[in-house]
>>> print(open('data.pdb').read())   # PDB, C-alpha atoms
ATOM      1  CA  MET A   1       0.000   0.000   0.000
ATOM      2  CA  VAL A   2       1.095   3.553  -0.645
ATOM      3  CA  ASP A   3       1.478   5.694   2.408
ATOM      4  CA  TYR A   4      -0.725   8.683   1.484
ATOM      5  CA  ASP A   5       0.182  10.579   4.615
ATOM      6  CA  LYS A   6       3.851  10.470   3.708
ATOM      7  CA  LEU A   7       3.144  11.477   0.114
ATOM      8  CA  GLN A   8       1.049  14.400   1.280
ATOM      9  CA  LYS A   9       3.843  15.599   3.544
ATOM     10  CA  LEU A  10       6.361  15.312   0.716
ATOM     11  CA  LYS A  11       4.098  17.343  -1.542
ATOM     12  CA  GLU A  12       3.833  20.073   1.069
ATOM     13  CA  ARG A  13       7.602  20.158   1.447
ATOM     14  CA  ILE A  14       8.119  20.420  -2.305
ATOM     15  CA  ASP A  15       5.564  23.229  -2.522
ATOM     16  CA  SER A  16       7.162  25.225   0.258
ATOM     17  CA  ALA A  17      10.624  24.713  -1.251
ATOM     18  CA  GLU A  18       9.386  25.899  -4.636
ATOM     19  CA  THR A  19       7.807  29.067  -3.269
ATOM     20  CA  THR A  20      10.887  30.046  -1.288
ATOM     21  CA  ASN A  21      13.345  29.313  -4.107
ATOM     22  CA  SER A  22      11.399  30.725  -7.036
ATOM     23  CA  PRO A  23      13.056  33.678  -8.799
ATOM     24  CA  HIS A  24       9.938  35.799  -8.262
ATOM     25  CA  SER A  25      10.359  35.918  -4.513
ATOM     26  CA  LYS A  26      13.948  37.069  -4.997
ATOM     27  CA  GLN A  27      13.052  39.853  -7.406
ATOM     28  CA  LYS A  28      10.908  41.620  -4.838
ATOM     29  CA  LYS A  29      13.994  42.284  -2.746
ATOM     30  CA  GLN A  30      15.383  44.800  -5.259
ATOM     31  CA  SER A  31      16.608  47.785  -3.292
ATOM     32  CA  GLY A  32      14.682  51.052  -3.316
ATOM     33  CA  ALA A  33      17.798  53.060  -4.119
ATOM     34  CA  GLY A  34      18.481  51.027  -7.246
ATOM     35  CA  PHE A  35      14.911  51.456  -8.353
ATOM     36  CA  GLY A  36      14.954  55.205  -7.764
ATOM     37  CA  PHE A  37      18.207  55.433  -9.667
ATOM     38  CA  LYS A  38      16.714  53.625 -12.643
ATOM     39  CA  ILE A  39      13.769  56.032 -12.746
ATOM     40  CA  SER A  40      15.864  59.180 -12.311
ATOM     41  CA  THR A  41      18.238  58.318 -15.174
ATOM     42  CA  GLU A  42      15.239  57.961 -17.484
ATOM     43  CA  ILE A  43      14.029  61.486 -16.688
ATOM     44  CA  ILE A  44      17.512  63.021 -16.828
ATOM     45  CA  ALA A  45      18.345  61.392 -20.155
ATOM     46  CA  ALA A  46      15.150  62.657 -21.783
ATOM     47  CA  LEU A  47      15.750  66.159 -20.395
ATOM     48  CA  VAL A  48      19.329  66.169 -21.686
ATOM     49  CA  VAL A  49      18.144  65.234 -25.174
ATOM     50  CA  GLY A  50      15.339  67.826 -25.042
ATOM     51  CA  VAL A  51      17.649  70.635 -23.956
ATOM     52  CA  GLY A  52      20.261  69.549 -26.523
ATOM     53  CA  ILE A  53      17.745  69.675 -29.383
ATOM     54  CA  GLY A  54      16.431  73.004 -28.091
ATOM     55  CA  LEU A  55      19.904  74.562 -28.070
ATOM     56  CA  ILE A  56      20.689  73.243 -31.563
ATOM     57  CA  VAL A  57      17.373  74.566 -32.908
ATOM     58  CA  ASP A  58      18.040  77.966 -31.327
ATOM     59  CA  LYS A  59      21.534  78.121 -32.755
ATOM     60  CA  TYR A  60      20.601  77.332 -36.356
ATOM     61  CA  LEU A  61      17.143  78.927 -36.588
ATOM     62  CA  GLY A  62      17.878  81.942 -34.394
ATOM     63  CA  THR A  63      14.718  81.413 -32.331
ATOM     64  CA  LYS A  64      16.434  82.026 -29.011
ATOM     65  CA  PRO A  65      15.013  81.316 -26.383
ATOM     66  CA  PHE A  66      11.802  79.648 -27.614
ATOM     67  CA  GLY A  67      13.413  76.488 -28.998
ATOM     68  CA  LEU A  68      14.995  75.776 -25.632
ATOM     69  CA  ILE A  69      11.750  76.399 -23.722
ATOM     70  CA  ILE A  70       9.586  74.273 -26.005
ATOM     71  CA  PHE A  71      12.030  71.369 -26.274
ATOM     72  CA  PHE A  72      12.715  71.459 -22.558
ATOM     73  CA  ILE A  73       8.999  70.865 -21.967
ATOM     74  CA  PHE A  74       8.951  68.133 -24.627
ATOM     75  CA  GLY A  75      11.964  66.558 -22.946
ATOM     76  CA  ALA A  76      10.260  66.616 -19.554
ATOM     77  CA  ILE A  77       7.136  64.956 -20.964
ATOM     78  CA  ALA A  78       9.290  62.361 -22.764
ATOM     79  CA  GLY A  79      11.002  61.673 -19.434
ATOM     80  CA  PHE A  80       7.693  60.966 -17.757
ATOM     81  CA  LEU A  81       6.685  58.805 -20.717
ATOM     82  CA  ASN A  82       9.891  56.784 -20.251
ATOM     83  CA  VAL A  83       9.157  56.345 -16.558
ATOM     84  CA  TYR A  84       5.619  55.239 -17.362
ATOM     85  CA  ARG A  85       6.958  52.622 -19.788
ATOM     86  CA  VAL A  86       9.509  51.327 -17.287
ATOM     87  CA  MET A  87       6.784  51.046 -14.651
ATOM     88  CA  ARG A  88       4.490  49.190 -17.039
ATOM     89  CA  ARG A  89       7.290  46.739 -17.884
ATOM     90  CA  ILE A  90       7.891  46.108 -14.184
ATOM     91  CA  GLU A  91       4.156  45.661 -13.560
ATOM     92  CA  LYS A  92       4.034  43.014 -16.290
ATOM     93  CA  GLN A  93       6.727  40.996 -14.542
TER      94      GLN A  93
ATOM     95  CA  MET B   1      41.431  68.272   0.118
ATOM     96  CA  ALA B   2      44.820  67.497  -1.289
ATOM     97  CA  ALA B   3      44.622  66.053  -4.769
ATOM     98  CA  LYS B   4      46.724  63.093  -3.784
ATOM     99  CA  ASP B   5      44.183  61.842  -1.206
ATOM    100  CA  SER B   6      41.107  62.566  -3.296
ATOM    101  CA  PRO B   7      38.672  59.657  -3.581
ATOM    102  CA  LEU B   8      38.314  60.619  -7.240
ATOM    103  CA  LYS B   9      41.980  60.043  -7.977
ATOM    104  CA  GLN B  10      41.257  56.420  -8.847
ATOM    105  CA  PHE B  11      39.438  57.578 -11.992
ATOM    106  CA  GLU B  12      42.428  59.468 -13.351
ATOM    107  CA  ILE B  13      43.642  58.412 -16.790
ATOM    108  CA  VAL B  14      47.382  57.746 -16.814
ATOM    109  CA  PRO B  15      48.911  57.397 -20.292
ATOM    110  CA  PHE B  16      51.726  54.870 -20.573
ATOM    111  CA  SER B  17      52.897  56.209 -23.915
ATOM    112  CA  ASN B  18      52.462  59.329 -25.999
ATOM    113  CA  THR B  19      51.153  58.182 -29.329
ATOM    114  CA  GLU B  20      49.516  60.662 -31.658
ATOM    115  CA  VAL B  21      48.082  59.918 -35.070
ATOM    116  CA  GLY B  22      47.274  63.141 -36.865
ATOM    117  CA  SER B  23      45.681  65.257 -34.167
ATOM    118  CA  TYR B  24      44.268  62.271 -32.299
ATOM    119  CA  ASP B  25      45.785  61.080 -29.047
ATOM    120  CA  ILE B  26      45.730  57.289 -29.107
ATOM    121  CA  SER B  27      48.089  56.712 -26.178
ATOM    122  CA  PHE B  28      47.921  53.395 -24.387
ATOM    123  CA  THR B  29      46.496  54.293 -20.958
ATOM    124  CA  ASN B  30      45.589  52.497 -17.750
ATOM    125  CA  SER B  31      42.033  52.380 -19.106
ATOM    126  CA  SER B  32      43.191  50.564 -22.245
ATOM    127  CA  LEU B  33      45.293  48.214 -20.140
ATOM    128  CA  SER B  34      42.273  47.341 -18.056
ATOM    129  CA  MET B  35      40.242  46.655 -21.214
ATOM    130  CA  VAL B  36      43.014  44.423 -22.583
ATOM    131  CA  ILE B  37      43.057  42.517 -19.267
ATOM    132  CA  THR B  38      39.267  42.145 -19.420
ATOM    133  CA  VAL B  39      39.287  40.774 -22.967
ATOM    134  CA  ALA B  40      42.192  38.465 -22.108
ATOM    135  CA  VAL B  41      40.388  37.144 -19.014
ATOM    136  CA  ILE B  42      37.173  36.515 -20.969
ATOM    137  CA  THR B  43      38.943  34.794 -23.852
ATOM    138  CA  LEU B  44      41.179  32.639 -21.683
ATOM    139  CA  PHE B  45      38.426  31.686 -19.264
ATOM    140  CA  LEU B  46      35.874  30.761 -21.903
ATOM    141  CA  THR B  47      38.271  28.860 -24.192
ATOM    142  CA  LEU B  48      40.131  27.016 -21.437
ATOM    143  CA  THR B  49      37.082  25.940 -19.453
ATOM    144  CA  VAL B  50      35.062  24.783 -22.443
ATOM    145  CA  ASN B  51      38.061  23.105 -24.067
ATOM    146  CA  PRO B  52      37.637  19.619 -22.457
ATOM    147  CA  ARG B  53      34.038  19.508 -23.794
ATOM    148  CA  SER B  54      33.117  16.909 -21.212
ATOM    149  CA  ILE B  55      29.525  15.709 -21.055
ATOM    150  CA  ILE B  56      29.653  15.882 -17.284
ATOM    151  CA  PRO B  57      31.069  19.387 -16.929
ATOM    152  CA  SER B  58      33.669  20.420 -14.394
ATOM    153  CA  ARG B  59      32.846  23.330 -12.091
ATOM    154  CA  MET B  60      34.601  25.852 -14.322
ATOM    155  CA  GLN B  61      32.948  24.530 -17.484
ATOM    156  CA  LEU B  62      29.648  24.800 -15.652
ATOM    157  CA  ILE B  63      30.244  28.515 -15.046
ATOM    158  CA  SER B  64      30.885  29.120 -18.741
ATOM    159  CA  GLU B  65      27.799  27.142 -19.723
ATOM    160  CA  LEU B  66      25.762  29.013 -17.113
ATOM    161  CA  MET B  67      26.759  32.342 -18.652
ATOM    162  CA  TYR B  68      25.978  31.074 -22.129
ATOM    163  CA  ASN B  69      22.570  29.784 -21.050
ATOM    164  CA  PHE B  70      21.824  32.968 -19.147
ATOM    165  CA  ILE B  71      22.157  35.164 -22.245
ATOM    166  CA  ALA B  72      20.589  32.594 -24.585
ATOM    167  CA  GLN B  73      17.579  32.410 -22.258
ATOM    168  CA  LEU B  74      17.394  36.199 -22.011
ATOM    169  CA  LEU B  75      17.390  36.551 -25.804
ATOM    170  CA  SER B  76      14.781  33.874 -26.403
ATOM    171  CA  ASP B  77      12.558  35.348 -23.674
ATOM    172  CA  THR B  78      12.666  38.925 -24.920
ATOM    173  CA  VAL B  79      13.239  38.690 -28.682
ATOM    174  CA  GLY B  80      12.062  35.166 -29.494
ATOM    175  CA  ASP B  81      13.342  33.143 -32.454
ATOM    176  CA  ASN B  82      14.724  36.214 -34.218
ATOM    177  CA  GLY B  83      17.075  36.737 -31.305
ATOM    178  CA  LYS B  84      19.454  33.852 -32.018
ATOM    179  CA  LYS B  85      21.346  35.877 -34.635
ATOM    180  CA  TYR B  86      22.256  38.524 -32.072
ATOM    181  CA  PHE B  87      23.588  36.139 -29.467
ATOM    182  CA  PRO B  88      27.303  36.795 -30.216
ATOM    183  CA  PHE B  89      26.763  40.546 -29.988
ATOM    184  CA  VAL B  90      24.763  40.534 -26.756
ATOM    185  CA  PHE B  91      27.000  37.909 -25.178
ATOM    186  CA  SER B  92      30.216  39.824 -25.889
ATOM    187  CA  LEU B  93      28.625  43.040 -24.694
ATOM    188  CA  PHE B  94      27.436  41.400 -21.471
ATOM    189  CA  MET B  95      30.770  39.699 -20.808
ATOM    190  CA  PHE B  96      32.767  42.846 -21.548
ATOM    191  CA  VAL B  97      30.723  44.930 -19.119
ATOM    192  CA  LEU B  98      30.494  42.193 -16.478
ATOM    193  CA  ILE B  99      34.179  41.226 -16.452
ATOM    194  CA  GLY B 100      35.133  44.895 -16.824
ATOM    195  CA  ASN B 101      33.199  45.682 -13.649
ATOM    196  CA  MET B 102      34.675  42.661 -11.882
ATOM    197  CA  VAL B 103      38.232  43.530 -12.925
ATOM    198  CA  GLY B 104      37.526  46.993 -11.547
ATOM    199  CA  MET B 105      36.703  45.437  -8.166
ATOM    200  CA  VAL B 106      40.285  44.204  -7.811
ATOM    201  CA  PRO B 107      42.168  46.687  -5.601
ATOM    202  CA  TYR B 108      44.478  49.097  -7.487
ATOM    203  CA  GLN B 109      42.804  48.095 -10.732
ATOM    204  CA  PHE B 110      41.275  50.778 -12.928
ATOM    205  CA  THR B 111      37.511  50.527 -13.632
ATOM    206  CA  PHE B 112      36.974  51.535 -17.237
ATOM    207  CA  THR B 113      33.156  51.382 -16.951
ATOM    208  CA  SER B 114      33.340  54.348 -14.549
ATOM    209  CA  HIS B 115      34.091  56.628 -17.514
ATOM    210  CA  ILE B 116      31.053  57.878 -19.380
ATOM    211  CA  ILE B 117      32.825  57.921 -22.726
ATOM    212  CA  VAL B 118      33.352  54.145 -22.546
ATOM    213  CA  THR B 119      29.770  53.336 -21.588
ATOM    214  CA  PHE B 120      28.419  55.900 -24.027
ATOM    215  CA  ALA B 121      30.434  54.355 -26.856
ATOM    216  CA  LEU B 122      28.965  50.931 -25.998
ATOM    217  CA  ALA B 123      25.445  52.379 -25.808
ATOM    218  CA  ALA B 124      25.940  54.273 -29.071
ATOM    219  CA  VAL B 125      26.949  51.045 -30.829
ATOM    220  CA  VAL B 126      23.729  49.440 -29.562
ATOM    221  CA  PHE B 127      21.636  52.464 -30.512
ATOM    222  CA  ILE B 128      23.035  52.894 -34.028
ATOM    223  CA  GLY B 129      22.954  49.143 -34.644
ATOM    224  CA  VAL B 130      19.341  48.847 -33.525
ATOM    225  CA  THR B 131      18.291  51.857 -35.631
ATOM    226  CA  ILE B 132      19.953  50.352 -38.732
ATOM    227  CA  LEU B 133      18.292  47.025 -37.902
ATOM    228  CA  GLY B 134      14.916  48.759 -37.727
ATOM    229  CA  PHE B 135      15.417  50.326 -41.156
ATOM    230  CA  VAL B 136      16.622  47.019 -42.631
ATOM    231  CA  ASN B 137      13.565  45.186 -41.300
ATOM    232  CA  HIS B 138      10.889  47.778 -41.995
ATOM    233  CA  GLY B 139      12.412  50.208 -44.502
ATOM    234  CA  ILE B 140      10.831  53.627 -44.444
ATOM    235  CA  LYS B 141       7.960  52.211 -42.395
ATOM    236  CA  PHE B 142      10.299  52.286 -39.388
ATOM    237  CA  PHE B 143       9.241  55.914 -38.901
ATOM    238  CA  THR B 144       5.781  54.704 -37.874
ATOM    239  CA  PHE B 145       7.556  53.678 -34.662
ATOM    240  CA  PHE B 146       7.082  57.291 -33.576
ATOM    241  CA  TYR B 147       3.422  57.307 -34.594
ATOM    242  CA  ILE B 148       1.018  56.160 -31.903
ATOM    243  CA  PRO B 149      -2.165  54.704 -33.358
ATOM    244  CA  GLY B 150      -5.525  55.505 -31.821
ATOM    245  CA  VAL B 151      -4.723  59.108 -30.881
ATOM    246  CA  PRO B 152      -6.685  62.118 -32.228
ATOM    247  CA  PHE B 153      -4.885  63.566 -35.273
ATOM    248  CA  TYR B 154      -4.308  66.992 -33.687
ATOM    249  CA  MET B 155      -2.230  65.385 -30.953
ATOM    250  CA  HIS B 156       0.404  64.075 -33.359
ATOM    251  CA  PRO B 157       2.426  67.299 -33.763
ATOM    252  CA  LEU B 158       2.842  67.136 -29.996
ATOM    253  CA  LEU B 159       3.381  63.419 -29.589
ATOM    254  CA  ILE B 160       5.863  62.779 -32.396
ATOM    255  CA  PRO B 161       8.593  65.097 -30.997
ATOM    256  CA  ILE B 162       8.050  63.514 -27.590
ATOM    257  CA  GLU B 163       8.418  60.032 -29.034
ATOM    258  CA  VAL B 164      11.547  61.056 -30.948
ATOM    259  CA  ILE B 165      13.110  62.539 -27.796
ATOM    260  CA  SER B 166      12.166  59.425 -25.874
ATOM    261  CA  TYR B 167      13.881  57.300 -28.536
ATOM    262  CA  LEU B 168      17.009  59.491 -28.602
ATOM    263  CA  SER B 169      17.291  59.391 -24.804
ATOM    264  CA  ARG B 170      17.840  55.611 -24.863
ATOM    265  CA  PRO B 171      21.619  55.585 -25.344
ATOM    266  CA  ILE B 172      22.014  58.328 -22.725
ATOM    267  CA  SER B 173      19.983  56.587 -20.022
ATOM    268  CA  LEU B 174      21.692  53.278 -20.895
ATOM    269  CA  SER B 175      25.194  54.727 -20.542
ATOM    270  CA  VAL B 176      24.518  57.045 -17.596
ATOM    271  CA  ARG B 177      23.025  54.212 -15.536
ATOM    272  CA  LEU B 178      26.099  51.995 -15.840
ATOM    273  CA  PHE B 179      28.628  54.806 -15.516
ATOM    274  CA  ALA B 180      26.984  56.515 -12.520
ATOM    275  CA  ASN B 181      26.542  53.261 -10.616
ATOM    276  CA  MET B 182      30.185  52.342 -11.004
ATOM    277  CA  LEU B 183      31.416  55.871 -10.288
ATOM    278  CA  ALA B 184      29.265  56.262  -7.171
ATOM    279  CA  GLY B 185      30.104  52.814  -5.826
ATOM    280  CA  HIS B 186      33.856  53.163  -6.209
ATOM    281  CA  THR B 187      33.881  56.693  -4.799
ATOM    282  CA  LEU B 188      31.873  55.522  -1.784
ATOM    283  CA  LEU B 189      34.358  52.702  -1.169
ATOM    284  CA  LYS B 190      37.259  55.166  -1.244
ATOM    285  CA  VAL B 191      35.496  57.675   1.019
ATOM    286  CA  PHE B 192      34.825  55.029   3.662
ATOM    287  CA  ALA B 193      38.383  53.748   3.280
ATOM    288  CA  GLY B 194      39.469  57.274   4.202
ATOM    289  CA  PHE B 195      37.412  57.071   7.414
ATOM    290  CA  VAL B 196      39.262  53.941   8.493
ATOM    291  CA  VAL B 197      42.510  55.893   8.631
ATOM    292  CA  ALA B 198      41.015  59.119   9.953
ATOM    293  CA  MET B 199      39.047  57.749  12.924
ATOM    294  CA  PRO B 200      40.776  57.605  16.314
ATOM    295  CA  PHE B 201      41.911  54.444  18.160
ATOM    296  CA  PHE B 202      40.152  51.294  17.000
ATOM    297  CA  SER B 203      36.846  52.882  15.964
ATOM    298  CA  GLY B 204      38.164  52.598  12.401
ATOM    299  CA  ALA B 205      37.054  48.978  12.514
ATOM    300  CA  LEU B 206      33.464  50.162  12.061
ATOM    301  CA  PRO B 207      33.922  51.706   8.598
ATOM    302  CA  LEU B 208      36.211  48.777   7.749
ATOM    303  CA  ALA B 209      33.368  46.364   8.445
ATOM    304  CA  PHE B 210      31.126  48.567   6.373
ATOM    305  CA  ILE B 211      33.581  48.442   3.452
ATOM    306  CA  VAL B 212      33.518  44.654   3.539
ATOM    307  CA  ALA B 213      29.727  44.706   3.265
ATOM    308  CA  LEU B 214      29.888  47.401   0.612
ATOM    309  CA  THR B 215      32.328  45.383  -1.489
ATOM    310  CA  GLY B 216      29.806  42.565  -1.556
ATOM    311  CA  LEU B 217      27.111  45.003  -2.629
ATOM    312  CA  GLU B 218      29.416  46.404  -5.317
ATOM    313  CA  ILE B 219      29.945  42.935  -6.779
ATOM    314  CA  LEU B 220      26.160  42.517  -6.876
ATOM    315  CA  ILE B 221      25.771  45.890  -8.592
ATOM    316  CA  ALA B 222      28.551  45.023 -11.060
ATOM    317  CA  PHE B 223      26.579  41.945 -12.105
ATOM    318  CA  LEU B 224      23.196  43.696 -12.012
ATOM    319  CA  GLN B 225      24.348  46.558 -14.242
ATOM    320  CA  ALA B 226      25.816  44.183 -16.809
ATOM    321  CA  TYR B 227      22.504  42.304 -16.740
ATOM    322  CA  VAL B 228      20.508  45.526 -17.164
ATOM    323  CA  PHE B 229      22.739  46.538 -20.074
ATOM    324  CA  ALA B 230      22.162  43.179 -21.754
ATOM    325  CA  ILE B 231      18.409  43.046 -21.136
ATOM    326  CA  LEU B 232      17.870  46.583 -22.456
ATOM    327  CA  THR B 233      19.886  45.729 -25.578
ATOM    328  CA  CYS B 234      17.567  42.735 -26.057
ATOM    329  CA  LEU B 235      14.476  44.917 -25.606
ATOM    330  CA  TYR B 236      15.753  47.418 -28.156
ATOM    331  CA  ILE B 237      16.461  44.631 -30.644
ATOM    332  CA  ASN B 238      12.914  43.410 -30.034
ATOM    333  CA  ASP B 239      11.581  46.918 -30.724
ATOM    334  CA  ALA B 240      13.431  46.945 -34.040
ATOM    335  CA  TYR B 241      11.442  43.826 -35.046
ATOM    336  CA  HIS B 242       8.061  44.625 -33.575
ATOM    337  CA  LEU B 243       7.106  48.264 -33.919
ATOM    338  CA  HIS B 244       4.824  48.936 -30.925
TER     339      HIS B 244
END
>>> encode(input="data.pdb", output="structure tokens")
Amino acid sequence: MVDYDKLQKLKERIDSAETTNSPHSKQKKQSGAGFGFKISTEIIAALVVGVGIGLIVDKYLGTKPFGLIIFFIFGAIAGFLNVYRVMRRIEKQ
Amino acid sequence: MAAKDSPLKQFEIVPFSNTEVGSYDISFTNSSLSMVITVAVITLFLTLTVNPRSIIPSRMQLISELMYNFIAQLLSDTVGDNGKKYFPFVFSLFMFVLIGNMVGMVPYQFTFTSHIIVTFALAAVVFIGVTILGFVNHGIKFFTFFYIPGVPFYMHPLLIPIEVISYLSRPISLSVRLFANMLAGHTLLKVFAGFVVAMPFFSGALPLAFIVALTGLEILIAFLQAYVFAILTCLYINDAYHLH
């Protein structure tokens, strides 16, 4: 005869081992600083590109200072868009 | 603070020779030396450990196979079947950044990934390559990448510049993330190392213990940043195949 009690216990042990060792439980431990860093670089990078384009536009079209103002705002919005996309990717995981 | 004790001194570029071609300075520096060491370590490690080709792998062969599987899995998860072609590229990129960071963890060894020009060059290669790949796959239709369907037509003049800026910011965020992490980590280690000497009596043991913990964290970050670099490269390659 099969010892069902023993089998049941083994199943429980396997289940508990799987939940503690699964990669998902490890991912939650990502540090807050690392996460904040990831988000901040996204915003900064978009702002840098926006300001860069604004300065180039101003230089060659002579629209100082409107190119810088407009592209700075575009850059800021693009930064938030980047953050939104990163967040959505994390949510999916 | 005297320049000789500065925690930033470790990032100084020291040329070993003065070679100039035209107006370009192509001197062999400590940064180049560290890159040569990195490439040598990767090549020697991978060729020597995989050389026996045993069916039951030794520990070292297992490490090589683990790295191979790690990137192969990453590519098949993010890009799918198309991704196999890009394995050599992503794998060399990952190994170069990973071993570069690890070589930088050795005391007195220069960390080349703590210079933005190095990480930006790597990110620019990824960016330009992925853009060319997008044009090869989709031709002129690649520009629809910046066009978001299902938005009122009067929003497009606003949204297209934003999308373009968002696309152009990719290489910058990719390079800044790696560079800033390495720069901050190594500076922090040096600053706390300064406390060990500066604190009176035996209280220096406290920051020393902290450095030990921090070194462990730095090794984790070194791996994590190489992983992030590789996974973002995979995502960008995926974007070049599937617009939206």
>>> interface_residues(input="data.pdb", of="chain B", to="chain A", cutoff="7 Å", atoms="only C-alpha atoms", output="short mmCIF file (atom, residue, chain, number, x, y, z; two decimals) with C-alpha atoms, keeping the file's coordinate frame")
data_model
loop_
_atom_site.label_atom_id
_atom_site.label_comp_id
_atom_site.auth_asym_id
_atom_site.auth_seq_id
_atom_site.Cartn_x
_atom_site.Cartn_y
_atom_site.Cartn_z
CA ILE B 162 8.05 63.51 -27.59
CA GLU B 163 8.42 60.03 -29.03
CA ILE B 165 13.11 62.54 -27.80
CA SER B 166 12.17 59.42 -25.87
CA LEU B 168 17.01 59.49 -28.60
CA SER B 169 17.29 59.39 -24.80
CA ILE B 172 22.01 58.33 -22.72
CA SER B 173 19.98 56.59 -20.02
CA VAL B 176 24.52 57.04 -17.60
CA ARG B 177 23.02 54.21 -15.54
#
>>> atom_distance(input="data.pdb", atom1="atom CA of Leu243 of chain B", atom2="atom CA of Arg88 of chain A")
17.1 Å
>>> resolve_selection(input="data.pdb", expression="the PyMOL selection byres ((chain B and resi 90-104) around 6)", output="ChimeraX atom specification")
/B:38,87-89,105-106,109-111,222-223,226,230
>>> residues_around(input="data.pdb", residues="segment 120-124 of chain B", least_positions_apart="6", cutoff="7 Å", atoms="only C-alpha atoms", output="mmCIF file with C-alpha atoms, in the coordinates of the input")
data_model
loop_
_atom_site.group_PDB
_atom_site.id
_atom_site.type_symbol
_atom_site.label_atom_id
_atom_site.label_comp_id
_atom_site.auth_asym_id
_atom_site.auth_seq_id
_atom_site.Cartn_x
_atom_site.Cartn_y
_atom_site.Cartn_z
ATOM 1 C CA PRO B 171 21.619 55.585 -25.344
ATOM 2 C CA ILE B 172 22.014 58.328 -22.725
ATOM 3 C CA LEU B 174 21.692 53.278 -20.895
ATOM 4 C CA SER B 175 25.194 54.727 -20.542
#
>>> atom_distance(input="data.pdb", atom1="atom CA of Phe195 of chain B", atom2="atom CA of Ser6 of chain B")
12.6 Å
>>> atom_distance(input="data.pdb", atom1="atom CA of Ile117 of chain B", atom2="atom CA of Ile221 of chain B")
19.9 Å
>>> resolve_selection(input="data.pdb", expression="the PyMOL selection byres ((chain B and resi 61) around 9)", output="list in words")
Leu46, Leu48, Thr49, Val50, Asn51, Pro52, Arg53, Ser54, Pro57, Ser58, Arg59, Met60, Leu62, Ile63, Ser64, Glu65 and Leu66 of chain B
>>> resolve_selection(input="data.pdb", expression="the PyMOL selection byres ((chain B and resi 83) around 12)", output="PDB file with C-alpha atoms, in the frame of the given file")
ATOM      1  CA  ILE B  71      22.157  35.164 -22.245  1.00  0.00           C
ATOM      2  CA  ALA B  72      20.589  32.594 -24.585  1.00  0.00           C
ATOM      3  CA  GLN B  73      17.579  32.410 -22.258  1.00  0.00           C
ATOM      4  CA  LEU B  74      17.394  36.199 -22.011  1.00  0.00           C
ATOM      5  CA  LEU B  75      17.390  36.551 -25.804  1.00  0.00           C
ATOM      6  CA  SER B  76      14.781  33.874 -26.403  1.00  0.00           C
ATOM      7  CA  ASP B  77      12.558  35.348 -23.674  1.00  0.00           C
ATOM      8  CA  THR B  78      12.666  38.925 -24.920  1.00  0.00           C
ATOM      9  CA  VAL B  79      13.239  38.690 -28.682  1.00  0.00           C
ATOM     10  CA  GLY B  80      12.062  35.166 -29.494  1.00  0.00           C
ATOM     11  CA  ASP B  81      13.342  33.143 -32.454  1.00  0.00           C
ATOM     12  CA  ASN B  82      14.724  36.214 -34.218  1.00  0.00           C
ATOM     13  CA  LYS B  84      19.454  33.852 -32.018  1.00  0.00           C
ATOM     14  CA  LYS B  85      21.346  35.877 -34.635  1.00  0.00           C
ATOM     15  CA  TYR B  86      22.256  38.524 -32.072  1.00  0.00           C
ATOM     16  CA  PHE B  87      23.588  36.139 -29.467  1.00  0.00           C
ATOM     17  CA  PRO B  88      27.303  36.795 -30.216  1.00  0.00           C
ATOM     18  CA  PHE B  89      26.763  40.546 -29.988  1.00  0.00           C
ATOM     19  CA  VAL B  90      24.763  40.534 -26.756  1.00  0.00           C
ATOM     20  CA  PHE B  91      27.000  37.909 -25.178  1.00  0.00           C
ATOM     21  CA  THR B 233      19.886  45.729 -25.578  1.00  0.00           C
ATOM     22  CA  CYS B 234      17.567  42.735 -26.057  1.00  0.00           C
ATOM     23  CA  LEU B 235      14.476  44.917 -25.606  1.00  0.00           C
ATOM     24  CA  TYR B 236      15.753  47.418 -28.156  1.00  0.00           C
ATOM     25  CA  ILE B 237      16.461  44.631 -30.644  1.00  0.00           C
ATOM     26  CA  ASN B 238      12.914  43.410 -30.034  1.00  0.00           C
ATOM     27  CA  ASP B 239      11.581  46.918 -30.724  1.00  0.00           C
ATOM     28  CA  ALA B 240      13.431  46.945 -34.040  1.00  0.00           C
ATOM     29  CA  TYR B 241      11.442  43.826 -35.046  1.00  0.00           C
TER      30      TYR B 241
END
>>> closest_residue(input="data.pdb", among="B:Asn30, B:Ala213, B:Phe229, B:Met199", to="Tyr108 of chain B", atoms="only C-alpha atoms")
B:Asn30
>>> decode(input="data.pdb", residues="segment 74-79 of chain A", atoms="N, CA and C atoms", output="PDB file, in the first residue's frame")
ATOM      1  N   PHE A  74       9.080  69.417 -23.929  1.00  0.00           N
ATOM      2  CA  PHE A  74       8.951  68.133 -24.627  1.00  0.00           C
ATOM      3  C   PHE A  74       9.830  67.074 -23.949  1.00  0.00           C
ATOM      4  N   GLY A  75      11.038  67.492 -23.602  1.00  0.00           N
ATOM      5  CA  GLY A  75      11.964  66.558 -22.946  1.00  0.00           C
ATOM      6  C   GLY A  75      11.410  66.071 -21.619  1.00  0.00           C
ATOM      7  N   ALA A  76      10.826  66.993 -20.848  1.00  0.00           N
ATOM      8  CA  ALA A  76      10.260  66.616 -19.554  1.00  0.00           C
ATOM      9  C   ALA A  76       9.126  65.615 -19.734  1.00  0.00           C
ATOM     10  N   ILE A  77       8.256  65.878 -20.726  1.00  0.00           N
ATOM     11  CA  ILE A  77       7.136  64.956 -20.964  1.00  0.00           C
ATOM     12  C   ILE A  77       7.675  63.596 -21.411  1.00  0.00           C
ATOM     13  N   ALA A  78       8.697  63.620 -22.302  1.00  0.00           N
ATOM     14  CA  ALA A  78       9.290  62.361 -22.764  1.00  0.00           C
ATOM     15  C   ALA A  78       9.884  61.589 -21.594  1.00  0.00           C
ATOM     16  N   GLY A  79      10.455  62.324 -20.629  1.00  0.00           N
ATOM     17  CA  GLY A  79      11.002  61.673 -19.434  1.00  0.00           C
ATOM     18  C   GLY A  79       9.930  60.945 -18.656  1.00  0.00           C
TER      19      GLY A  79
END
